[in-house]
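Participant: This is the structure, below, for whatever I ask next.
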Amino acid sequence: MAQDNLSVVLRSKGDLSLENRSVPEPGPDEVLLQMHSVGICGSDVHYWQHGGIGDFVLTKPMVLGHEASGRVVKVGSAVKHLKVGDRVAIEPGVPREVDEFFKNGRYNLSPTIFFCATPPDDGNLCRYYKHSANFCYKLPDNVTFEEGALIEPLSVGIHACRRAGVTLGSTVFICGAGPIGLVCLLVAKAMGASQVIISDLCPERLTMAKDLGADFQLAVKKDDSPQQLAKTVEDMMEAKPHITIECTGAESCIQTAIYATRSGGVVVLVGLGSEMATVPLINAALREVDIRGVFRYCNTWPMAIAMLASGKVNVKPLVTHRFPLEEALQAFETTRQGLGIKVMLKCDQEDQKP
């Protein structure tokens, strides 16, 4: 095995570099993976630009990357369900203890969870990476490595739609047509939503949303008021939506989400903005509009793999840029500038295919 383990390391705020690190040795319950495809997430860019997100602050150099897939090259002594050569998608959140959240199936809320590329835990934007075998999921032959990497953002969409209660006949308003808004659109449609409207400032993103199946696209201007936008949503759909999935984190969009949602409906907050937000809470309370949070995901990889393998969901159009691992700095700059939708890094020098 080549001992070159080129890794994308964030040393400190604004200081991103390529480093050669040692190849890790998997423990009894772990597998060593040769990484293949790793997507760049907005959170990776935020850590690079700001050195932290909320309470998660960079205190020492950290390998970035958490949207990933790879090939098993070494198996820990206690691992039974994976073998060398298996292609896997990686769930980046691994509980460290069997606490109340783990026991009731909401392990994403465990305060001590390991999570790739969240300080102080290293991510997997590198050539070789070890991970808990229980959180590596074998990919069917008809699912590509890139699709495997995109299961991570797709999982956010699945968890958001589950929290929202999307079902047959639901009408859904999605605020924001970035990568997460678009996966929420794909999942909502797959779960049976009859009509989905999606909003964004960027016309190119709305065009992509239309291609992916959005029934209505709402071009937002910076000076539109939340009440105005809510009225436009109602006019376009001929009724208020049952569900709004807010994917921007912008205060004005959270306000729009509440005003736009049908009485008795649900608003799910996926986007992360500032810690405090002024929102029309009494409007929501008087109309029994439930406001639900989303923190990552749990128990989503099997459903995501089934969706991709069956063809119910197609995430391939989301990948607009590809770079070899050696060009990671250029790839990060492309993401920072907001070009395209999803930038994918190719970590295997011998196999740069999707």
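How things are named: the first chain in the structure tokens is A, the next is B, and so on; residues count from 1 in each chain; ligands count from 1 in the order shown.
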Residues of stretch 148-312 of chain A in strand (DSSP E) according to DSSP, as a ChimeraX atom specification?
Facilitator: /A:171-175,195-200,216-219,243-246,266-269,290-293
Participant: Export C-alpha atoms of the chosen residues as a PDB file, in the first residue's frame?
Facilitator:
```
ATOM      1  CA  THR A 171     -47.508  20.526  -0.391  1.00  0.00           C
ATOM      2  CA  VAL A 172     -44.057  21.860   0.443  1.00  0.00           C
ATOM      3  CA  PHE A 173     -42.295  25.228   0.308  1.00  0.00           C
ATOM      4  CA  ILE A 174     -38.472  25.088   0.359  1.00  0.00           C
ATOM      5  CA  CYS A 175     -36.532  28.272   1.154  1.00  0.00           C
ATOM      6  CA  GLN A 195     -46.411  20.110  -5.137  1.00  0.00           C
ATOM      7  CA  VAL A 196     -43.091  21.705  -4.221  1.00  0.00           C
ATOM      8  CA  ILE A 197     -42.253  25.393  -4.560  1.00  0.00           C
ATOM      9  CA  ILE A 198     -38.662  26.533  -4.046  1.00  0.00           C
ATOM     10  CA  SER A 199     -37.229  30.032  -3.637  1.00  0.00           C
ATOM     11  CA  ASP A 200     -33.778  31.542  -4.135  1.00  0.00           C
ATOM     12  CA  PHE A 216     -42.859  26.249  -8.938  1.00  0.00           C
ATOM     13  CA  GLN A 217     -39.771  28.447  -8.692  1.00  0.00           C
ATOM     14  CA  LEU A 218     -39.868  31.756  -6.832  1.00  0.00           C
ATOM     15  CA  ALA A 219     -37.163  34.292  -7.659  1.00  0.00           C
ATOM     16  CA  ILE A 243     -44.891  22.272   5.207  1.00  0.00           C
ATOM     17  CA  THR A 244     -42.026  24.744   4.857  1.00  0.00           C
ATOM     18  CA  ILE A 245     -38.410  23.585   4.944  1.00  0.00           C
ATOM     19  CA  GLU A 246     -36.092  26.524   5.626  1.00  0.00           C
ATOM     20  CA  VAL A 266     -44.990  22.528  10.121  1.00  0.00           C
ATOM     21  CA  VAL A 267     -41.880  24.665   9.655  1.00  0.00           C
ATOM     22  CA  VAL A 268     -38.571  22.787   9.751  1.00  0.00           C
ATOM     23  CA  LEU A 269     -35.402  24.814  10.297  1.00  0.00           C
ATOM     24  CA  ASP A 290     -45.135  23.739  14.653  1.00  0.00           C
ATOM     25  CA  ILE A 291     -41.502  24.844  14.423  1.00  0.00           C
ATOM     26  CA  ARG A 292     -39.056  21.930  14.420  1.00  0.00           C
ATOM     27  CA  GLY A 293     -35.280  21.877  14.416  1.00  0.00           C
TER      28      GLY A 293
END
```
Participant: Using backbone DSSP assignments, extract all helix (DSSP H, G or I) residues from stretch 86-229 of chain A; output them as number ranges by chain.
Facilitator: A: 100-103, 107-109, 133-135, 145-149, 151-164, 179-190, 203-211, 226-229
Participant: Which residue out of A:Tyr129, A:Tyr47, A:Trp301, A:Tyr259 has the minimum interatomic distance to A:Pro24 when only C-alpha atoms are used?
Facilitator: A:Tyr129
Participant: Could you please determine the separation between atom CA of A:Lys80 and atom CA of A:Tyr297 in Å, to one decimal place?
Facilitator: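 So the answer is 25.4 Å.
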Participant: Can you tell me how far atom CA of A:Gln349 sits from atom CA of A:Val183, in Å to one decimal?
Facilitator: 28.9 Å
Participant: Compile the contact shell of stretch 236-240 of chain A as a list of chain:residue names: residues with an atom at most 7 Å away, counting only C-alpha atoms, same-chain residues fewer than 4 positions apart removed.
Facilitator: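 Once the nearby chain positions are removed, what remains is A:Thr232, A:Ala260, A:Thr261, A:Arg262.
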Participant: Would you pick out the contacts of stretch 317-333 of chain A at 6 Å or less, using only C-alpha atoms, so that residues sharing its chain but fewer than 5 positions from it are not included, and give the list as a PyMOL selection string?
Facilitator: chain A and resi 340-347
Participant: Please produce an output containing N, CA, C and O atoms for each residue in the selection, written as a PDB file, in the first residue's frame.
Facilitator:
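Below is the file part31.pdb, written as the result:
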```
ATOM      1  N   GLY A 340     -21.390  26.919  -9.240  1.00  0.00           N
ATOM      2  CA  GLY A 340     -21.985  25.590  -9.379  1.00  0.00           C
ATOM      3  C   GLY A 340     -22.774  25.180  -8.151  1.00  0.00           C
ATOM      4  O   GLY A 340     -23.176  26.009  -7.334  1.00  0.00           O
ATOM      5  N   ILE A 341     -22.998  23.878  -8.008  1.00  0.00           N
ATOM      6  CA  ILE A 341     -23.769  23.358  -6.874  1.00  0.00           C
ATOM      7  C   ILE A 341     -22.839  22.585  -5.938  1.00  0.00           C
ATOM      8  O   ILE A 341     -22.530  23.034  -4.854  1.00  0.00           O
ATOM      9  N   LYS A 342     -22.363  21.426  -6.369  1.00  0.00           N
ATOM     10  CA  LYS A 342     -21.530  20.587  -5.500  1.00  0.00           C
ATOM     11  C   LYS A 342     -20.167  20.360  -6.151  1.00  0.00           C
ATOM     12  O   LYS A 342     -20.068  19.914  -7.294  1.00  0.00           O
ATOM     13  N   VAL A 343     -19.114  20.680  -5.390  1.00  0.00           N
ATOM     14  CA  VAL A 343     -17.739  20.454  -5.833  1.00  0.00           C
ATOM     15  C   VAL A 343     -17.260  19.140  -5.214  1.00  0.00           C
ATOM     16  O   VAL A 343     -17.375  18.927  -4.008  1.00  0.00           O
ATOM     17  N   MET A 344     -16.733  18.254  -6.054  1.00  0.00           N
ATOM     18  CA  MET A 344     -16.308  16.922  -5.611  1.00  0.00           C
ATOM     19  C   MET A 344     -14.787  16.797  -5.766  1.00  0.00           C
ATOM     20  O   MET A 344     -14.240  17.132  -6.820  1.00  0.00           O
ATOM     21  N   LEU A 345     -14.136  16.319  -4.705  1.00  0.00           N
ATOM     22  CA  LEU A 345     -12.704  16.048  -4.767  1.00  0.00           C
ATOM     23  C   LEU A 345     -12.465  14.556  -4.974  1.00  0.00           C
ATOM     24  O   LEU A 345     -13.123  13.722  -4.352  1.00  0.00           O
ATOM     25  N   LYS A 346     -11.529  14.240  -5.875  1.00  0.00           N
ATOM     26  CA  LYS A 346     -11.233  12.853  -6.231  1.00  0.00           C
ATOM     27  C   LYS A 346      -9.902  12.471  -5.580  1.00  0.00           C
ATOM     28  O   LYS A 346      -8.853  13.025  -5.905  1.00  0.00           O
ATOM     29  N   CYS A 347      -9.973  11.528  -4.629  1.00  0.00           N
ATOM     30  CA  CYS A 347      -8.821  11.238  -3.767  1.00  0.00           C
ATOM     31  C   CYS A 347      -7.955  10.082  -4.236  1.00  0.00           C
ATOM     32  O   CYS A 347      -6.835   9.900  -3.751  1.00  0.00           O
TER      33      CYS A 347
END
```
Participant: Could you name the residues that touch A:Asp29 at 8 Å or less, counting only C-alpha atoms, but leaving out those on the same chain fewer than 4 positions away, as a PyMOL selection string?
Facilitator: chain A and resi 76-79+132-134
Participant: Would you list the contacts of stretch 3-16 of chain A as a PDB file with C-alpha atoms, in the first residue's frame, taking every protein, DNA or RNA residue within 7 Å and counting only C-alpha atoms, but skipping same-chain residues closer than 5 positions in sequence?
Facilitator:
```
ATOM      1  CA  ARG A  21       0.168  12.388   7.147  1.00  0.00           C
ATOM      2  CA  SER A  22       0.804   8.817   8.241  1.00  0.00           C
ATOM      3  CA  VAL A  23      -1.628   6.098   7.145  1.00  0.00           C
ATOM      4  CA  TRP A  48     -11.833  27.636   6.783  1.00  0.00           C
ATOM      5  CA  GLN A  49     -13.086  31.230   6.611  1.00  0.00           C
ATOM      6  CA  HIS A  50     -14.161  31.742  10.237  1.00  0.00           C
ATOM      7  CA  GLY A  51     -12.334  29.106  12.323  1.00  0.00           C
ATOM      8  CA  LEU A  58     -10.911  25.047  15.848  1.00  0.00           C
ATOM      9  CA  LYS A  60      -5.697  22.532  16.621  1.00  0.00           C
ATOM     10  CA  PRO A  61      -5.101  21.514  12.985  1.00  0.00           C
ATOM     11  CA  MET A  62      -7.987  19.434  11.593  1.00  0.00           C
ATOM     12  CA  VAL A  63      -8.516  17.399   8.422  1.00  0.00           C
ATOM     13  CA  LEU A  64     -11.637  18.655   6.629  1.00  0.00           C
ATOM     14  CA  LEU A 125     -10.506  14.575   2.875  1.00  0.00           C
ATOM     15  CA  CYS A 126      -7.371  12.489   2.467  1.00  0.00           C
ATOM     16  CA  ARG A 127      -6.076   9.387   0.681  1.00  0.00           C
ATOM     17  CA  TYR A 128      -6.490   6.948   3.601  1.00  0.00           C
TER      18      TYR A 128
END
```
Participant: Hey, what's within 9 Å of A:Ser155 if we count only C-alpha atoms and toss same-chain stuff fewer than 3 positions away? As a ChimeraX atom specification, please?
Facilitator: /A:150-152,158-160,183,296-301,303-304
Participant: Let me make sure I understand: among A:Asp348, A:Ala306, A:Thr335, A:Asp121, which one has the smallest atom-to-atom distance to A:Gln34 if we use only C-alpha atoms?
Facilitator: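 For A:Gln34, the nearest of the given residues is A:Asp348.
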Participant: Point out the residue among A:Pro302, A:Gln227, A:Ala284, A:Glu251 with the least atom-to-atom distance to A:Tyr137, counting only C-alpha atoms.
Facilitator: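 Once distances to A:Tyr137 are computed over only C-alpha atoms, the minimum belongs to A:Pro302.
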Participant: Smallest atom-to-atom distance to A:Thr59: which of A:Leu206, A:Gln228, A:Leu185, A:Pro120, using only C-alpha atoms?
Facilitator: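 Answer, going by the shortest atom-to-atom distance: A:Pro120.
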